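> Sharing target.txt below, compact mmCIF, C-alpha atoms:
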# COMPACT_ATOMS: atom_id res chain seq x y z
CA ASN A 98 -73.13 -37.52 156.40
CA GLY A 99 -70.88 -38.69 159.15
CA ASN A 100 -67.33 -39.83 158.85
CA THR A 101 -66.77 -42.90 156.89
CA GLY A 102 -66.38 -45.87 159.03
CA THR A 103 -63.82 -48.56 158.78
CA ALA A 104 -64.42 -50.79 155.86
CA GLY A 105 -65.79 -54.14 156.79
CA ASN A 106 -64.84 -57.39 155.22
CA THR A 107 -66.07 -57.87 151.84
CA GLY A 108 -69.14 -59.91 151.79
CA ALA A 109 -70.04 -62.47 149.26
CA THR A 110 -71.12 -61.01 146.06
CA GLY A 111 -74.77 -61.00 145.85
CA ALA A 112 -76.73 -61.34 142.80
CA ASN A 113 -76.93 -58.31 140.75
CA GLY A 114 -79.93 -56.39 141.73
CA ASN A 115 -81.77 -54.22 139.57
CA THR A 116 -80.09 -51.03 138.88
CA GLY A 117 -81.46 -48.50 141.18
CA ALA A 118 -82.17 -45.06 140.32
CA SER A 119 -79.20 -42.85 140.25
CA GLY A 120 -78.76 -41.02 143.44
CA ASN A 121 -77.64 -37.54 143.76
CA THR A 122 -74.02 -36.98 143.21
CA GLY A 123 -72.24 -36.62 146.50
CA ALA A 124 -69.75 -33.95 147.26
CA THR A 125 -66.26 -34.51 146.10
CA GLY A 126 -64.05 -35.91 148.76
CA ALA A 127 -60.61 -34.68 149.53
CA ASN A 128 -57.78 -35.93 147.44
CA GLY A 129 -56.13 -38.96 148.86
CA ASN A 130 -52.40 -39.36 149.14
CA THR A 131 -50.57 -40.21 146.03
CA GLY A 132 -50.00 -43.87 145.78
CA ALA A 133 -46.72 -45.50 144.89
CA SER A 134 -45.82 -45.53 141.25
CA GLY A 135 -47.02 -48.62 139.57
CA ASN A 136 -45.03 -50.56 137.08
CA THR A 137 -44.71 -48.96 133.70
CA GLY A 138 -47.44 -50.17 131.56
CA ALA A 139 -46.99 -51.35 128.07
CA THR A 140 -46.57 -48.60 125.54
CA GLY A 141 -49.89 -47.67 124.26
CA ALA A 142 -50.67 -47.06 120.68
CA ASN A 143 -49.66 -43.64 119.33
CA GLY A 144 -52.41 -41.28 119.98
CA ASN A 145 -53.62 -38.79 117.48
CA THR A 146 -51.40 -35.74 116.99
CA GLY A 147 -52.48 -33.10 119.31
CA ALA A 148 -53.17 -29.56 118.32
CA SER A 149 -50.12 -27.32 117.86
CA GLY A 150 -49.12 -25.62 120.96
CA ASN A 151 -48.45 -21.93 121.23
CA THR A 152 -45.11 -20.66 119.89
CA GLY A 153 -42.52 -20.69 122.54
CA ALA A 154 -40.52 -17.66 123.51
CA THR A 155 -37.62 -16.66 121.23
CA GLY A 156 -34.37 -18.21 122.26
CA ALA A 157 -31.19 -16.27 122.84
CA THR A 158 -29.24 -15.13 119.76
CA GLY A 159 -26.66 -17.68 118.69
CA ASN A 160 -23.04 -16.94 117.87
CA THR A 161 -22.30 -15.29 114.44
CA GLY A 162 -21.56 -17.88 111.84
CA VAL A 163 -18.60 -17.90 109.47
CA ALA A 164 -18.93 -15.34 106.62
CA GLY A 165 -20.16 -16.89 103.36
CA ASP A 166 -18.71 -16.28 99.86
CA THR A 167 -19.45 -12.90 98.21
CA GLY A 168 -22.56 -13.05 96.11
CA ALA A 169 -22.75 -11.96 92.47
CA THR A 170 -22.97 -8.19 91.79
CA GLY A 171 -26.52 -7.05 91.50
CA ALA A 172 -27.86 -4.96 88.61
CA THR A 173 -27.10 -1.24 88.69
CA GLY A 174 -29.87 0.69 90.31
CA ASN A 175 -31.60 3.66 88.73
CA THR A 176 -29.78 7.01 88.91
CA GLY A 177 -30.85 8.93 91.89
CA VAL A 178 -32.23 12.44 91.80
CA THR A 179 -29.52 15.11 91.45
CA GLY A 180 -28.82 16.71 94.74
CA ASP A 181 -28.80 20.43 95.32
CA THR A 182 -25.71 22.35 94.22
CA GLY A 183 -23.27 22.79 97.01
CA ALA A 184 -22.13 26.18 98.13
CA THR A 185 -19.33 27.83 96.09
CA GLY A 186 -15.94 27.28 97.59
CA SER A 187 -13.66 30.12 98.43
CA THR A 188 -11.43 31.55 95.69
CA GLY A 189 -8.04 29.90 95.45
CA ASN A 190 -4.76 31.74 95.55
CA THR A 191 -3.52 33.38 92.29
CA GLY A 192 -1.21 31.07 90.35
CA VAL A 193 2.30 31.87 89.20
CA THR A 194 2.48 34.02 86.02
CA GLY A 195 3.12 31.89 82.89
CA ALA A 196 5.89 32.47 80.33
CA THR A 197 5.33 35.06 77.57
CA GLY A 198 3.74 33.56 74.41
CA SER A 199 5.25 33.79 70.89
CA THR A 200 4.52 36.81 68.69
CA GLY A 201 1.31 36.53 66.65
CA GLY A 202 1.18 36.66 62.83
CA THR A 203 1.16 39.94 60.92
CA GLY A 204 -2.31 41.43 60.55
CA THR A 205 -3.98 42.17 57.19
CA THR A 206 -2.93 45.31 55.35
CA GLY A 207 -5.15 48.24 56.05
CA ALA A 208 -7.19 50.05 53.39
CA THR A 209 -5.35 52.31 50.95
CA GLY A 210 -5.38 55.89 52.04
CA ILE A 211 -6.92 58.70 50.05
CA THR A 212 -4.90 59.71 46.97
CA GLY A 213 -3.07 62.93 47.48
CA PRO A 214 -3.54 65.94 45.22
CA THR A 215 -2.03 65.84 41.72
CA GLY A 216 1.33 67.51 41.51
CA ASN A 217 2.30 70.20 39.10
CA THR A 218 2.73 69.16 35.45
CA GLY A 219 6.32 68.38 34.70
CA PRO A 220 8.23 69.17 31.53
CA ASN A 221 7.00 67.32 28.39
CA THR A 222 10.06 67.67 26.25
CA VAL A 223 11.97 64.58 25.10
CA SER A 224 15.57 65.00 23.96
CA ALA A 225 18.65 62.87 23.52
CA SER A 226 19.49 63.48 27.15
CA THR A 227 16.07 62.43 28.54
CA SER A 228 16.43 59.38 30.81
CA THR A 229 13.95 56.48 30.42
CA THR A 230 13.35 52.89 31.49
CA TYR A 231 11.70 52.00 28.14
CA ASN A 232 13.62 50.04 25.51
CA GLY A 233 12.15 50.11 21.97
CA LEU A 234 9.55 52.02 20.01
CA LEU A 235 7.00 54.05 21.96
CA LYS A 236 3.28 54.53 21.33
CA GLY A 237 0.59 56.64 22.91
CA ASN A 238 -2.69 55.02 24.00
CA GLY A 239 -4.63 58.25 24.50
CA SER A 240 -3.54 58.86 28.08
CA ILE A 241 0.05 57.66 28.56
CA VAL A 242 3.11 56.63 26.57
CA THR A 243 4.02 52.96 26.58
CA THR A 244 6.13 50.49 24.61
CA ALA A 245 4.89 49.41 21.16
CA THR A 246 4.52 45.67 20.43
CA ALA A 247 6.41 44.26 17.46
CA GLY A 248 4.20 42.50 14.91
CA THR A 249 1.07 44.12 16.36
CA ASP A 250 1.75 47.86 16.46
CA TYR A 251 4.30 47.73 13.65
CA LEU A 252 5.58 45.22 11.09
CA THR A 253 8.99 43.63 11.31
CA SER A 254 11.07 41.83 8.71
CA SER A 255 9.59 38.51 9.90
CA SER A 256 5.94 39.67 10.18
CA SER A 257 3.21 38.10 7.97
CA LEU A 258 0.97 40.55 6.16
CA ASN A 259 -2.71 39.85 6.85
CA ALA A 260 -6.07 41.59 6.70
CA ASN A 261 -5.57 43.09 10.18
CA ASN A 262 -2.55 45.02 8.86
CA ILE A 263 -4.45 46.60 5.95
CA SER A 264 -6.87 49.53 6.19
CA SER A 265 -6.86 50.90 2.62
CA GLY A 266 -4.61 51.28 -0.40
CA SER A 267 -3.08 48.66 -2.66
CA MET A 268 -0.78 45.71 -2.23
CA ASN A 269 1.21 43.24 -4.30
CA PRO A 270 -1.05 40.29 -5.43
CA SER A 271 1.76 37.88 -4.54
CA PHE A 272 0.74 38.32 -0.89
CA LEU A 273 -2.72 36.78 -1.59
CA SER A 274 -3.31 33.08 -0.88
CA SER A 275 -5.10 30.88 -3.42
CA SER A 276 -8.17 30.44 -1.11
CA GLY A 277 -9.29 27.41 -3.13
CA ALA A 278 -9.03 29.09 -6.55
CA SER A 279 -8.28 26.96 -9.62
CA ASN A 280 -6.26 27.92 -12.68
CA GLY A 281 -8.17 30.53 -14.71
CA ASP A 282 -10.64 31.48 -11.90
CA VAL A 283 -11.57 35.10 -11.30
CA LEU A 284 -12.62 36.93 -8.12
CA THR A 285 -16.43 37.07 -8.10
CA TYR A 286 -19.03 38.36 -5.63
CA ASN A 287 -21.58 35.55 -5.11
CA GLY A 288 -24.22 37.58 -3.28
CA SER A 289 -22.74 37.24 0.22
CA GLN A 290 -18.94 37.40 -0.12
CA TRP A 291 -16.03 37.61 -2.55
CA ALA A 292 -14.78 34.22 -3.70
CA PRO A 293 -12.88 32.66 -6.61
CA ALA A 294 -15.05 31.28 -9.46
CA ALA A 295 -14.60 30.02 -13.00
CA SER A 296 -14.41 32.73 -15.64
CA SER A 297 -17.41 32.99 -17.94
CA SER A 298 -15.07 34.14 -20.73
CA GLY A 299 -17.43 36.90 -21.71
CA ALA A 300 -20.58 34.74 -21.69
CA SER A 301 -23.71 36.38 -20.28
CA GLY A 302 -25.11 33.24 -18.61
CA PHE A 303 -28.16 31.38 -19.89
CA ASN A 304 -31.93 31.12 -19.58
CA PHE A 305 -34.11 28.02 -20.01
CA SER A 306 -37.93 27.89 -20.11
CA TYR A 307 -40.21 24.98 -19.17
CA ILE A 308 -43.97 24.31 -19.31
CA ILE A 309 -45.65 21.78 -17.02
CA ASN A 310 -48.91 20.30 -18.36
CA SER A 311 -49.73 16.70 -17.45
CA GLY A 312 -52.96 16.47 -19.42
CA ALA A 313 -56.49 15.67 -18.32
CA THR A 314 -55.85 12.19 -16.93
CA VAL A 315 -52.27 12.21 -15.57
CA THR A 316 -51.33 13.79 -12.25
CA ILE A 317 -48.52 16.31 -12.20
CA SER A 318 -46.71 14.17 -9.60
CA ALA A 319 -45.60 11.99 -12.52
CA HIS A 320 -43.01 14.77 -13.14
CA TYR A 321 -43.74 15.31 -16.84
CA ILE A 322 -41.50 18.15 -18.02
CA THR A 323 -42.17 19.71 -21.40
CA ILE A 324 -39.16 21.64 -22.65
CA ILE A 325 -40.25 24.32 -25.09
CA GLY A 326 -40.10 22.57 -28.45
CA GLY A 327 -40.99 19.00 -27.44
CA LEU A 328 -42.35 16.60 -24.78
CA GLN A 329 -39.71 14.82 -22.66
CA PRO A 330 -41.02 12.68 -19.75
CA GLN A 331 -38.48 12.53 -16.93
CA SER A 332 -37.01 9.09 -16.35
CA THR A 333 -35.84 7.56 -13.08
CA ASN A 334 -32.22 8.57 -13.66
CA GLU A 335 -33.40 12.18 -14.10
CA GLN A 336 -31.35 12.81 -17.25
CA ASP A 337 -34.41 13.40 -19.45
CA GLY A 338 -35.56 16.99 -19.14
CA PHE A 339 -32.12 18.28 -18.20
CA ARG A 340 -30.10 20.63 -20.37
CA LEU A 341 -26.35 21.05 -20.43
CA VAL A 342 -25.30 24.49 -19.23
CA PRO A 343 -23.47 26.39 -21.99
CA SER A 344 -21.16 28.28 -19.59
CA ALA A 345 -20.12 28.40 -15.96
CA CYS A 346 -22.26 30.47 -13.60
CA SER A 347 -22.64 31.02 -9.85
CA THR A 348 -26.14 32.39 -9.15
CA VAL A 349 -29.35 30.55 -10.13
CA SER A 350 -32.74 32.28 -10.40
CA VAL A 351 -36.10 30.57 -10.92
CA GLN A 352 -39.60 31.94 -11.57
CA ALA A 353 -42.85 29.98 -11.90
CA ILE A 354 -46.41 31.06 -12.70
CA SER A 355 -49.70 29.28 -13.37
CA ASN A 356 -52.23 30.50 -15.96
CA GLY A 357 -55.05 29.89 -13.47
CA THR A 358 -55.90 29.05 -9.87
CA LEU A 359 -54.85 25.50 -8.95
CA ALA A 360 -57.51 24.59 -6.41
CA ASN A 361 -57.03 20.83 -6.29
CA ASN A 362 -53.23 20.50 -6.22
CA THR A 363 -50.29 21.75 -4.13
CA TYR A 364 -46.84 21.37 -5.67
CA THR A 365 -43.17 21.60 -4.74
CA ILE A 366 -41.07 23.26 -7.48
CA LYS A 367 -37.30 22.76 -7.48
CA VAL A 368 -34.35 23.43 -9.77
CA ARG A 369 -32.12 20.36 -9.99
CA LYS A 370 -28.40 20.14 -10.75
CA ALA A 371 -26.61 17.28 -12.50
CA THR A 372 -22.88 17.39 -11.71
CA ASN A 373 -20.71 15.97 -14.48
CA GLY A 374 -18.48 13.33 -12.89
CA ALA A 375 -15.84 11.08 -14.36
CA SER A 376 -18.30 8.44 -15.60
CA ASN A 377 -21.81 9.56 -14.59
CA TYR A 378 -23.93 12.44 -13.34
CA THR A 379 -24.71 13.10 -9.66
CA PHE A 380 -28.13 14.71 -9.13
CA SER A 381 -28.98 17.13 -6.30
CA ASP A 382 -31.44 19.91 -5.37
CA ALA A 383 -30.11 23.35 -6.28
CA VAL A 384 -32.93 25.84 -5.52
CA THR A 385 -36.46 25.39 -4.13
CA CYS A 386 -38.91 27.93 -5.56
CA SER A 387 -41.95 26.84 -3.50
CA THR A 388 -43.25 23.94 -1.42
CA SER A 389 -46.90 25.13 -1.49
CA PHE A 390 -47.46 26.19 -5.10
CA GLY A 391 -51.17 26.09 -5.98
CA GLY A 392 -53.58 25.09 -3.24
CA GLY A 393 -56.11 27.63 -4.52
CA SER A 394 -54.05 30.74 -3.66
CA VAL A 395 -50.34 30.55 -4.64
CA ARG A 396 -50.07 31.10 -8.41
CA SER A 397 -46.42 32.21 -8.64
CA CYS A 398 -43.03 32.00 -6.95
CA SER A 399 -39.61 33.55 -7.52
CA THR A 400 -36.24 33.04 -5.80
CA SER A 401 -32.47 32.91 -6.38
CA ALA A 402 -29.48 31.43 -4.60
CA PRO A 403 -25.69 31.20 -4.98
CA VAL A 404 -25.20 27.84 -6.74
CA SER A 405 -22.17 27.23 -8.95
CA PHE A 406 -22.48 25.37 -12.28
CA SER A 407 -19.52 24.36 -14.40
CA LEU A 408 -19.47 23.94 -18.16
CA GLY A 409 -20.90 20.48 -18.90
CA ASP A 410 -23.16 20.26 -15.83
CA GLY A 411 -26.89 19.71 -16.33
CA ILE A 412 -29.82 21.80 -15.08
CA GLY A 413 -33.53 20.94 -14.99
CA VAL A 414 -36.82 21.35 -13.11
CA LEU A 415 -38.61 18.93 -10.74
CA VAL A 416 -42.33 19.43 -9.92
CA SER A 417 -43.96 17.04 -7.45
CA GLY A 418 -46.83 16.74 -5.00
CA GLY A 419 -49.93 16.75 -7.21
CA THR A 420 -52.85 14.52 -6.22
CA THR A 421 -55.22 14.99 -9.18
CA ALA A 422 -54.87 15.45 -12.93
CA HIS A 423 -53.67 18.95 -13.66
CA ASN A 424 -56.34 19.62 -16.27
CA SER A 425 -59.21 17.93 -14.41
CA GLU A 426 -60.42 21.33 -13.29
CA SER A 427 -62.88 23.42 -15.31
CA THR A 428 -60.30 25.03 -17.60
CA THR A 429 -56.98 23.96 -19.10
CA LYS A 430 -54.10 25.10 -16.88
CA ALA A 431 -50.32 24.88 -17.01
CA ILE A 432 -47.27 25.97 -15.00
CA TYR A 433 -44.66 28.04 -16.81
CA ILE A 434 -41.15 28.02 -15.39
CA SER A 435 -38.10 30.10 -16.29
CA VAL A 436 -34.60 29.23 -15.00
CA SER A 437 -31.50 31.39 -15.47
CA CYS A 438 -27.94 31.33 -14.18
CA GLN A 439 -25.42 34.17 -14.18
Would you mind writing the structure in this file as structure tokens?


Amino acid sequence: NGNTGTAGNTGATGANGNTGASGNTGATGANGNTGASGNTGATGANGNTGASGNTGATGATGNTGVAGDTGATGATGNTGVTGDTGATGSTGNTGVTGATGSTGGTGTTGATGITGPTGNTGPNTVSASTSTTYNGLLKGNGSIVTTATAGTDYLTSSSSLNANNISSGSMNPSFLSSSGASNGDVLTYNGSQWAPAASSSGASGFNFSYIINSGATVTISAHYITIIGGLQPQSTNEQDGFRLVPSACSTVSVQAISNGTLANNTYTIKVRKATNGASNYTFSDAVTCSTSFGGGSVRSCSTSAPVSFSLGDGIGVLVSGGTTAHNSESTTKAIYISVSCQ
């Protein structure tokens, strides 16, 4: 292509011809000179926000701002690991000597030393010129001489005579206490000790006999007591069957025997005492001969005990415990009882 010629005058606009085929794109011409700036056009509508540009370079550091208020103290952190022990420092100079302390307390006494050998025996003669630290009567205790004790080792004018001061011999009866004795009592041995008791005035005690036979239809537990010479059933106040003792005594003995084996009954046999009071009698057990009499094997019993009876008291026998009639066995049987008091 040659240089572009000068533009001719614009001709009249012809009718639009048919669009020809697109020709080949020509080469790009050189840039023309920049034209004068045109008037500012009206502000166009805001375009869509463009994509973010790349971050610009960091600006220079600004001046340090004013220090803010101190923040609250944070929580204490965990204890750190203990560091290694540092090297030992050099020994310091010796300090000034302190003042002397007070004296300590006395120590405990040491053990006693070994006893020295016994010296030679001195003179053993006492005379009016012998010096002594003792004041009073002397006594020997088997190894040394010491002072006797008044009222213990010897009697004084104010000492009381008692059993510890007497070994043998006799003494005035006025020194004896009454020990519960009554007027007219005598000293009597009751089987275990000496004690005052009423005088029997020459009487030799007494002996009573009983036979127990309830019959074929009555059990022995009904307490029928037959005194030799007549039948006396025992009443509830226990006066029937009792006898008045003819003289005072202090030791009661009882014996009981059956004329056959008592296979169907077991009895308790007791001696009873009726104490003569001001207006009535008081009844009590005196001696128990057996609590298992009979039973097919025990046919007798015998015992004694120190029990005091006064003139006018009553004495009797109580048999109890039977469960069947005494004579319901094959043969007639009875219990014979003897009671004495001395």

> Using all atoms listed in the file, pick whichever of A:Ile211, A:Ile412, A:Leu273, A:Ile354 has the shortest atom-to-atom distance to Ile308 of chain A.

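Comparing A:Ile211, A:Ile412, A:Leu273, A:Ile354 against Ile308 of chain A, the winner is A:Ile354.
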
> Edge lengths and centre, in Å to one decimal, as lines of an AutoDock Vina configuration file: that's what I need for the box along x, y and z that holds all listed atoms of segment 127-131 of chain A plus 4 Å on each side.


center_x = -55.6
center_y = -37.4
center_z = 147.8
size_x = 18.0
size_y = 13.5
size_z = 11.5

> Between atom CA of Ala292 of chain A and atom CA of Ser274 of chain A, what is the spacing in Å?

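Taking atom CA of Ser274 of chain A as the start and atom CA of Ala292 of chain A as the end point, the length is 11.9 Å.
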